[in-house]
Amino acid sequence: MGYREQWMETEGTTFPGKTYTEVVLEPAFNEAKTHLLGPMMAINKAHLIMLEKQKLVTTDEAKQIAKAIRSIDPEELRQASYTGQFEDLFFQVEHQMLEHAGDIAGNLHLARSRNDMGISIYRMVLREKLIVTLTSALKLNEQLLLFARDHADTLMIGYTHTQQAQPTTLAHYFMAVVDSLNRDIRRIMASYANCNRSSMGAAALTTSGFAISREHMMELLAFDELIDNSYDAIGGADYLGEVATAVQLAAINLGRVVQDMLLWCTQEFGALKVAAPYVQISSIMPQKRNPVSFEHMRALLSSCVGNTNTVLSMIHNTPFGDIVDTEDDMQPYAWRSLDIMDKMYRLFAAVVGTMEVNKEALRERTKGSFATVTELADTLVRTDGLSFRKAHHIVSDVVKLSLAQGLAANEITLSIVNESARRHIGRDTSLTEETLRQALDPVHFVEIRSLPGGPSPKEINRMVDLRMYQHQAHLNWLGQAEGKIQRAMEHLDQVMTEWSGS
C-alpha cells in the first residue's frame, strides 16, 4: 500500500477528514455552540419576520417556519458533540428545521448568505462582550473615584523616571489612572459603535434580486447602523481591529498601574497592604504576604495583549473579502481578550476597594524628601526677584550641601541656603525661617498647586465631581445600549411565540 492509500485509509475518503475534523471543525463547532448559537437563532427569527413583512413568504409559511425555529432546543445543541454529519452548527440547525417544517423551511435562507449572516453573528457576539467589559470598566471607574475622594489629603511623593520628583497626593495619582481608564472606556465605546452595524442583506457579496429590507433587519437585530456597501459588509474586518486595538491599549494602561501597585506593596516602599483575601503565604517563609492578585493581573493583562496581537496579525496581509482568517479561527482571540479585561477590571476594583494605605509612612517620607525643593526655587523667584534658572542653581547647591551633611529636606537650614546664595548671587537671600519652612512643607506644596489638574484637595474634589458626572453619562449610554438589544430580542421571541401558537 502506497503512502497516499495509507493516508486515505486513516483520514477517510469523504468530507470531513479525520485530522481536519480534530484540528479545525470540532473546535469551531464547540466555540459556535457556546458563543454563536444565540445570535444565529436571533437572525433566523428576524429574517423570517422581514421576509413575511416584505411578502416574500406568506403568513402561513412564516408560521410554519416559526414553529420549526421554536422546535430547536438551544440547550440540547449546546450539549451536542461534533459528529461530522454536518459541516458546522449552521447546517445542523438548518437540517433540524427542515426536518420539522419540510422544504418550506428552506425559504428561510432566501436572499441571505452564510457571509452576511456570519458577519452579523460575530458583530452581535462582540457587542455583547463589549457591554460586559464596559460594565466592569465602569464599576472600576466608580471605585477609583471613591478611593481618590478618600485620599485627597494623603500625601505621597510623585515619581518621574522612577525617581522622587515632587510631592503630590495618592488621589492625584489615582485621578490620573481614572482619566486613563476613561480614555479606554471611550475607545471601547467607539469600537462598539463601529461594531454594532448590520451586514444583513449583503448576502454573499452583491445583495439580492429579492426585495428584502436591509433597514428592517438592522432594526430587528438592534444594530445602530447599516453597513452601506455590501462588499464592505462581508469583507471589512477593521471593526475587529478596532476592538482589538482599544482592548490592547486598555490592557497596557492597566498593566502599568498594576506594576506600580506591586512596587508599593513591598516592605521597602510600605505604602499599600493588600487585604487577606487577595494575598497568599509562602510554603516556607512564615512572614510572607505575597500580593499574588496583582501578579496574576500583570500576567493575564500581558496575555490579553497577546490575544489582541493575534487578532491584528491574523487580519494583516489578508485579502479584502470573505475569508476564514477573520472568522472561526480568529474570533475566539477577540472574545478571550474582552473576557480577560472584564475579569481584570473586576479584580482590580476588588483589590483597590479593600486594600489599606499607610498614610503616615507616605507623609513622613514626603516630609523628608528633597521632592519639595522645586517650591524652594519658586519661593526664591518670588522673594528675591531671581530668574528661575538662577534660583535653580542655588537650590541645587543647597541639596548637595544638605546631603553631604546627612540632612533630610525638612532639616535644611537658612544658613545653608544663604551659603549657597552668596556663592551664586553674592548675597544672602530675603528668606526668613518661616518662609523657608513653608517652602519645604509638602502640604503647602500641594495646596498651592490648585491650577486645573493639580493635586490640591480642592482641585481633586472638583475633578472627582466632574468625573462622577461623566461616569453617569457613560452609565446612561450603557443602559441604553443594553436596553435596545434586550427589547429587540424580546420582540423577536414575542413574534415567534405568536406565530407558532405556543
# chains A, B, ... in the order shown; residues from 1 in each chain; ligands from 1
>>> residues_around(residues="range 68-71 of chain A", least_positions_apart="3", cutoff="9 Å", atoms="only C-alpha atoms", output="PDB file with N, CA, C and O atoms, in the first residue's frame")
ATOM      1  N   MET A  41     -29.810  32.156  16.068  1.00  0.00           N
ATOM      2  CA  MET A  41     -31.254  31.981  16.162  1.00  0.00           C
ATOM      3  C   MET A  41     -31.972  33.323  16.100  1.00  0.00           C
ATOM      4  O   MET A  41     -33.066  33.427  15.524  1.00  0.00           O
ATOM      5  N   ASN A  44     -32.235  34.169  12.506  1.00  0.00           N
ATOM      6  CA  ASN A  44     -33.281  33.366  11.867  1.00  0.00           C
ATOM      7  C   ASN A  44     -34.664  33.971  12.124  1.00  0.00           C
ATOM      8  O   ASN A  44     -35.492  34.085  11.210  1.00  0.00           O
ATOM      9  N   LYS A  45     -34.908  34.370  13.361  1.00  0.00           N
ATOM     10  CA  LYS A  45     -36.204  34.964  13.710  1.00  0.00           C
ATOM     11  C   LYS A  45     -36.407  36.290  12.981  1.00  0.00           C
ATOM     12  O   LYS A  45     -37.478  36.546  12.409  1.00  0.00           O
ATOM     13  N   LYS A  63     -45.578  31.119   9.704  1.00  0.00           N
ATOM     14  CA  LYS A  63     -45.991  30.419  10.928  1.00  0.00           C
ATOM     15  C   LYS A  63     -45.397  29.022  10.986  1.00  0.00           C
ATOM     16  O   LYS A  63     -44.969  28.555  12.046  1.00  0.00           O
ATOM     17  N   GLN A  64     -45.351  28.345   9.847  1.00  0.00           N
ATOM     18  CA  GLN A  64     -44.749  27.013   9.808  1.00  0.00           C
ATOM     19  C   GLN A  64     -43.258  27.076  10.157  1.00  0.00           C
ATOM     20  O   GLN A  64     -42.749  26.267  10.933  1.00  0.00           O
ATOM     21  N   ILE A  65     -42.588  28.068   9.561  1.00  0.00           N
ATOM     22  CA  ILE A  65     -41.149  28.205   9.815  1.00  0.00           C
ATOM     23  C   ILE A  65     -40.902  28.627  11.261  1.00  0.00           C
ATOM     24  O   ILE A  65     -39.944  28.179  11.904  1.00  0.00           O
ATOM     25  N   VAL A  93     -28.441  23.187  12.438  1.00  0.00           N
ATOM     26  CA  VAL A  93     -29.683  23.894  12.770  1.00  0.00           C
ATOM     27  C   VAL A  93     -30.627  23.889  11.572  1.00  0.00           C
ATOM     28  O   VAL A  93     -31.830  23.618  11.711  1.00  0.00           O
ATOM     29  N   GLN A  96     -32.326  20.523  11.184  1.00  0.00           N
ATOM     30  CA  GLN A  96     -33.379  20.281  12.166  1.00  0.00           C
ATOM     31  C   GLN A  96     -34.658  21.027  11.798  1.00  0.00           C
ATOM     32  O   GLN A  96     -35.768  20.500  11.972  1.00  0.00           O
ATOM     33  N   MET A  97     -34.529  22.232  11.254  1.00  0.00           N
ATOM     34  CA  MET A  97     -35.716  22.988  10.855  1.00  0.00           C
ATOM     35  C   MET A  97     -36.382  22.352   9.636  1.00  0.00           C
ATOM     36  O   MET A  97     -37.614  22.298   9.546  1.00  0.00           O
ATOM     37  N   LEU A  98     -35.588  21.869   8.698  1.00  0.00           N
ATOM     38  CA  LEU A  98     -36.138  21.192   7.526  1.00  0.00           C
ATOM     39  C   LEU A  98     -36.865  19.905   7.947  1.00  0.00           C
ATOM     40  O   LEU A  98     -37.919  19.563   7.394  1.00  0.00           O
ATOM     41  N   GLU A  99     -36.318  19.207   8.910  1.00  0.00           N
ATOM     42  CA  GLU A  99     -36.982  18.006   9.409  1.00  0.00           C
ATOM     43  C   GLU A  99     -38.328  18.337  10.034  1.00  0.00           C
ATOM     44  O   GLU A  99     -39.285  17.576   9.913  1.00  0.00           O
ATOM     45  N   HIS A 100     -38.416  19.471  10.695  1.00  0.00           N
ATOM     46  CA  HIS A 100     -39.640  19.829  11.412  1.00  0.00           C
ATOM     47  C   HIS A 100     -40.697  20.423  10.486  1.00  0.00           C
ATOM     48  O   HIS A 100     -41.890  20.118  10.600  1.00  0.00           O
ATOM     49  N   ALA A 101     -40.280  21.285   9.536  1.00  0.00           N
ATOM     50  CA  ALA A 101     -41.252  22.020   8.718  1.00  0.00           C
ATOM     51  C   ALA A 101     -41.269  21.583   7.262  1.00  0.00           C
ATOM     52  O   ALA A 101     -42.099  22.071   6.479  1.00  0.00           O
ATOM     53  N   ALA A 105     -39.119  25.290   5.036  1.00  0.00           N
ATOM     54  CA  ALA A 105     -38.126  25.913   5.913  1.00  0.00           C
ATOM     55  C   ALA A 105     -36.900  26.374   5.135  1.00  0.00           C
ATOM     56  O   ALA A 105     -36.155  27.253   5.590  1.00  0.00           O
ATOM     57  N   MET A 496     -42.319  35.152  17.345  1.00  0.00           N
ATOM     58  CA  MET A 496     -42.205  33.709  17.119  1.00  0.00           C
ATOM     59  C   MET A 496     -43.254  32.962  17.946  1.00  0.00           C
ATOM     60  O   MET A 496     -43.874  32.005  17.470  1.00  0.00           O
ATOM     61  N   THR A 497     -43.484  33.418  19.166  1.00  0.00           N
ATOM     62  CA  THR A 497     -44.482  32.778  20.029  1.00  0.00           C
ATOM     63  C   THR A 497     -45.876  32.936  19.444  1.00  0.00           C
ATOM     64  O   THR A 497     -46.669  31.978  19.398  1.00  0.00           O
ATOM     65  N   SER A 500     -46.149  30.774  16.192  1.00  0.00           N
ATOM     66  CA  SER A 500     -46.117  29.325  16.402  1.00  0.00           C
ATOM     67  C   SER A 500     -47.292  28.848  17.246  1.00  0.00           C
ATOM     68  O   SER A 500     -47.520  27.638  17.363  1.00  0.00           O
ATOM     69  N   SER A 502     -47.572  29.040  20.472  1.00  0.00           N
ATOM     70  CA  SER A 502     -47.148  28.431  21.755  1.00  0.00           C
ATOM     71  C   SER A 502     -46.286  29.401  22.519  1.00  0.00           C
ATOM     72  O   SER A 502     -45.775  30.357  21.987  1.00  0.00           O
TER      73      SER A 502
END
>>> select_by_dssp(residues="range 377-451 of chain A", states="alpha helix (DSSP H)", output="ChimeraX atom specification")
/A:377-384,388-404,414-425,433-439,442-447
>>> atom_distance(atom1="CA of Arg449 in chain A", atom2="CA of Arg382 in chain A")
15.4 Å
>>> select_by_dssp(residues="range 138-205 of chain A", states="strand (DSSP E or B)", output="list in words")
Leu155, Met156, Ile157, Gly158, Tyr159, Thr160, Gln163, Gln164, Ala165, Gln166, Pro167, Thr168, Thr169, Arg197 and Ser198 of chain A
>>> closest_residue(among="A:Asp260, A:Asp88, A:Asp150, A:Glu31", to="Val357 in chain A", atoms="only C-alpha atoms")
A:Asp150
>>> residues_around(residues="Arg363 in chain A", least_positions_apart="6", cutoff="9 Å", atoms="only C-alpha atoms", output="list in words")
Thr154, Leu155, Met156, Ile157 and Pro442 of chain A
>>> write_last_selection(atoms="C-alpha atoms", output="short mmCIF file (atom, residue, chain, number, x, y, z; two decimals), in the first residue's frame")
data_model
loop_
_atom_site.label_atom_id
_atom_site.label_comp_id
_atom_site.auth_asym_id
_atom_site.auth_seq_id
_atom_site.Cartn_x
_atom_site.Cartn_y
_atom_site.Cartn_z
CA THR A 154 -2.97 61.56 51.53
CA LEU A 155 0.49 62.98 50.86
CA MET A 156 2.92 60.98 48.78
CA ILE A 157 5.92 61.53 46.56
CA PRO A 442 4.87 69.27 51.32
#
>>> residues_around(residues="Ala246 in chain A", least_positions_apart="4", cutoff="12 Å", atoms="only C-alpha atoms", output="PyMOL selection string")
chain A and resi 130+133-134+181-192+238-242+250-253+304-305+308-309+312+334+337-338+341
>>> atom_distance(atom1="CA of Val311 in chain A", atom2="CA of Tyr122 in chain A")
13.6 Å
>>> atom_distance(atom1="CA of Met489 in chain A", atom2="CA of His35 in chain A")
16.0 Å
>>> closest_residue(among="A:Thr34, A:Ser208, A:Thr310, A:Ser387", to="Ser230 in chain A", atoms="only C-alpha atoms")
A:Ser208
>>> residues_around(residues="Glu142 in chain A", least_positions_apart="5", cutoff="10 Å", atoms="only C-alpha atoms", output="CSV table (one decimal) with N, CA, C and O atoms, in the first residue's frame")
chain,number,residue,atom,x,y,z
A,136,SER,N,-17.9,46.3,33.6
A,136,SER,CA,-16.8,46.1,34.7
A,136,SER,C,-15.9,47.3,34.7
A,136,SER,O,-15.4,47.7,35.8
A,137,ALA,N,-15.6,47.9,33.5
A,137,ALA,CA,-14.7,49.1,33.5
A,137,ALA,C,-15.4,50.2,34.3
A,137,ALA,O,-14.7,51.0,35.0
A,147,PHE,N,-12.2,56.0,45.9
A,147,PHE,CA,-10.8,55.9,46.5
A,147,PHE,C,-10.1,57.2,46.5
A,147,PHE,O,-9.5,57.7,47.5
A,148,ALA,N,-10.2,57.9,45.3
A,148,ALA,CA,-9.5,59.2,45.2
A,148,ALA,C,-10.1,60.2,46.1
A,148,ALA,O,-9.3,61.0,46.8
A,178,VAL,N,-7.8,57.2,36.7
A,178,VAL,CA,-9.2,57.4,36.2
A,178,VAL,C,-9.3,58.0,34.8
A,178,VAL,O,-10.0,57.5,34.0
A,349,ALA,N,-10.8,46.3,40.9
A,349,ALA,CA,-11.7,47.1,41.7
A,349,ALA,C,-11.8,46.5,43.1
A,349,ALA,O,-11.8,47.2,44.1
A,464,VAL,N,-13.1,65.0,40.8
A,464,VAL,CA,-13.9,63.9,41.2
A,464,VAL,C,-15.4,64.1,40.8
A,464,VAL,O,-16.0,63.3,40.2
A,467,ARG,N,-15.8,64.0,37.1
A,467,ARG,CA,-15.7,62.7,36.5
A,467,ARG,C,-16.9,61.8,36.9
A,467,ARG,O,-17.3,60.9,36.2
A,468,MET,N,-17.5,62.1,38.1
A,468,MET,CA,-18.7,61.4,38.5
A,468,MET,C,-19.8,61.7,37.6
A,468,MET,O,-20.6,60.8,37.2
A,471,HIS,N,-19.1,59.9,34.5
A,471,HIS,CA,-19.4,58.5,34.8
A,471,HIS,C,-20.9,58.2,34.6
A,471,HIS,O,-21.2,57.1,34.0
A,472,GLN,N,-21.7,59.0,35.1
A,472,GLN,CA,-23.2,58.8,35.0
A,472,GLN,C,-23.6,58.8,33.5
A,472,GLN,O,-24.5,58.1,33.1
>>> residues_around(residues="Ala62 in chain A", least_positions_apart="6", cutoff="9 Å", atoms="only C-alpha atoms", output="tab-separated table (two decimals) with all heavy atoms, in the first residue's frame")
chain	number	residue	atom	x	y	z
A	48	LEU	N	-37.00	35.90	9.19
A	48	LEU	CA	-38.35	35.42	8.92
A	48	LEU	C	-39.37	36.54	9.03
A	48	LEU	O	-40.25	36.68	8.18
A	48	LEU	CB	-38.70	34.29	9.89
A	48	LEU	CG	-40.11	33.69	9.74
A	48	LEU	CD1	-40.30	33.09	8.34
A	48	LEU	CD2	-40.36	32.63	10.81
A	49	ILE	N	-39.25	37.36	10.07
A	49	ILE	CA	-40.18	38.50	10.24
A	49	ILE	C	-40.07	39.45	9.06
A	49	ILE	O	-41.08	39.93	8.53
A	49	ILE	CB	-39.88	39.23	11.57
A	49	ILE	CG1	-40.22	38.32	12.77
A	49	ILE	CG2	-40.65	40.54	11.66
A	49	ILE	CD1	-39.73	38.85	14.10
A	51	LEU	N	-38.96	38.73	5.96
A	51	LEU	CA	-39.47	38.10	4.74
A	51	LEU	C	-40.99	38.15	4.69
A	51	LEU	O	-41.58	38.40	3.62
A	51	LEU	CB	-39.00	36.64	4.67
A	51	LEU	CG	-37.51	36.39	4.42
A	51	LEU	CD1	-37.21	34.89	4.50
A	51	LEU	CD2	-37.07	36.95	3.06
A	52	GLU	N	-41.63	37.94	5.83
A	52	GLU	CA	-43.09	37.98	5.86
A	52	GLU	C	-43.60	39.39	5.61
A	52	GLU	O	-44.57	39.60	4.86
A	52	GLU	CB	-43.59	37.46	7.22
A	52	GLU	CG	-45.08	37.16	7.28
A	52	GLU	CD	-45.92	38.38	7.67
A	52	GLU	OE1	-45.35	39.35	8.23
A	52	GLU	OE2	-47.15	38.37	7.41
A	105	ALA	N	-39.12	25.29	5.04
A	105	ALA	CA	-38.13	25.91	5.91
A	105	ALA	C	-36.90	26.37	5.14
A	105	ALA	O	-36.16	27.25	5.59
A	105	ALA	CB	-37.71	24.94	7.01
A	108	LEU	N	-36.23	30.08	4.48
A	108	LEU	CA	-35.62	30.98	5.48
A	108	LEU	C	-34.27	31.49	5.01
A	108	LEU	O	-33.80	32.53	5.48
A	108	LEU	CB	-35.47	30.23	6.82
A	108	LEU	CG	-35.02	31.06	8.01
A	108	LEU	CD1	-35.99	32.21	8.29
A	108	LEU	CD2	-34.87	30.20	9.25
A	499	TRP	N	-46.70	33.50	16.26
A	499	TRP	CA	-46.84	32.78	15.00
A	499	TRP	C	-46.89	31.26	15.21
A	499	TRP	O	-47.58	30.55	14.48
A	499	TRP	CB	-45.70	33.12	14.06
A	499	TRP	CG	-45.88	34.45	13.37
A	499	TRP	CD1	-46.98	35.25	13.43
A	499	TRP	CD2	-44.95	35.09	12.50
A	499	TRP	NE1	-46.79	36.36	12.66
A	499	TRP	CE2	-45.56	36.30	12.07
A	499	TRP	CE3	-43.69	34.79	12.05
A	499	TRP	CZ2	-44.91	37.19	11.22
A	499	TRP	CZ3	-43.04	35.67	11.20
A	499	TRP	CH2	-43.65	36.85	10.79
A	500	SER	N	-46.15	30.77	16.19
A	500	SER	CA	-46.12	29.32	16.40
A	500	SER	C	-47.29	28.85	17.25
A	500	SER	O	-47.52	27.64	17.36
A	500	SER	CB	-44.79	28.92	17.07
A	500	SER	OG	-44.69	29.49	18.37
>>> closest_atom_pairs(of="range 367-427 of chain A", to="range 165-170 of chain A", cutoff="10 Å", atoms="only C-alpha atoms", output="JSON lines")
{"residue": "A:Lys367", "atom": "CA", "partner": "A:Pro167", "partner_atom": "CA", "distance": 8.7}
{"residue": "A:Ser369", "atom": "CA", "partner": "A:Pro167", "partner_atom": "CA", "distance": 8.6}
{"residue": "A:Phe370", "atom": "CA", "partner": "A:Gln166", "partner_atom": "CA", "distance": 8.1}
{"residue": "A:Ala371", "atom": "CA", "partner": "A:Gln166", "partner_atom": "CA", "distance": 4.3}
{"residue": "A:Thr372", "atom": "CA", "partner": "A:Gln166", "partner_atom": "CA", "distance": 5.8}
{"residue": "A:Val373", "atom": "CA", "partner": "A:Gln166", "partner_atom": "CA", "distance": 8.1}
{"residue": "A:Thr374", "atom": "CA", "partner": "A:Gln166", "partner_atom": "CA", "distance": 7.5}
{"residue": "A:Glu375", "atom": "CA", "partner": "A:Gln166", "partner_atom": "CA", "distance": 9.1}
>>> write_last_selection(atoms="C-alpha atoms", output="compact mmCIF listing (two decimals), in the first residue's frame")
# COMPACT_ATOMS: atom_id res chain seq x y z
CA LYS A 367 8.40 65.44 54.53
CA SER A 369 12.26 64.04 50.72
CA PHE A 370 14.01 66.62 48.59
CA ALA A 371 10.99 66.41 46.31
CA THR A 372 9.82 69.67 47.92
CA VAL A 373 12.74 71.80 46.76
CA THR A 374 11.11 72.89 43.49
CA GLU A 375 8.95 75.12 45.70
>>> residues_around(residues="range 420-432 of chain A", least_positions_apart="4", cutoff="9 Å", atoms="only C-alpha atoms", output="ChimeraX atom specification")
/A:379-380,383-384,390-391,393-398,401,414-416,436-437
>>> closest_residue(among="A:Met314, A:Ala488, A:Ala171, A:Gly236", to="Pro39 in chain A", atoms="only C-alpha atoms")
A:Ala488
>>> closest_atom_pairs(of="range 349-459 of chain A", to="range 276-298 of chain A", cutoff="9 Å", atoms="only C-alpha atoms", output="JSON lines")
{"residue": "A:Ala350", "atom": "CA", "partner": "A:Tyr278", "partner_atom": "CA", "distance": 9.0}
{"residue": "A:Val351", "atom": "CA", "partner": "A:Tyr278", "partner_atom": "CA", "distance": 6.9}
{"residue": "A:Met355", "atom": "CA", "partner": "A:Ala276", "partner_atom": "CA", "distance": 8.9}
>>> closest_residue(among="A:Lys129, A:Arg214, A:Arg149, A:Lys18", to="Arg112 in chain A", atoms="only C-alpha atoms")
A:Arg214
>>> closest_residue(among="A:Gly483, A:Arg256, A:Leu145, A:Glu434", to="Arg462 in chain A", atoms="only C-alpha atoms")
A:Leu145
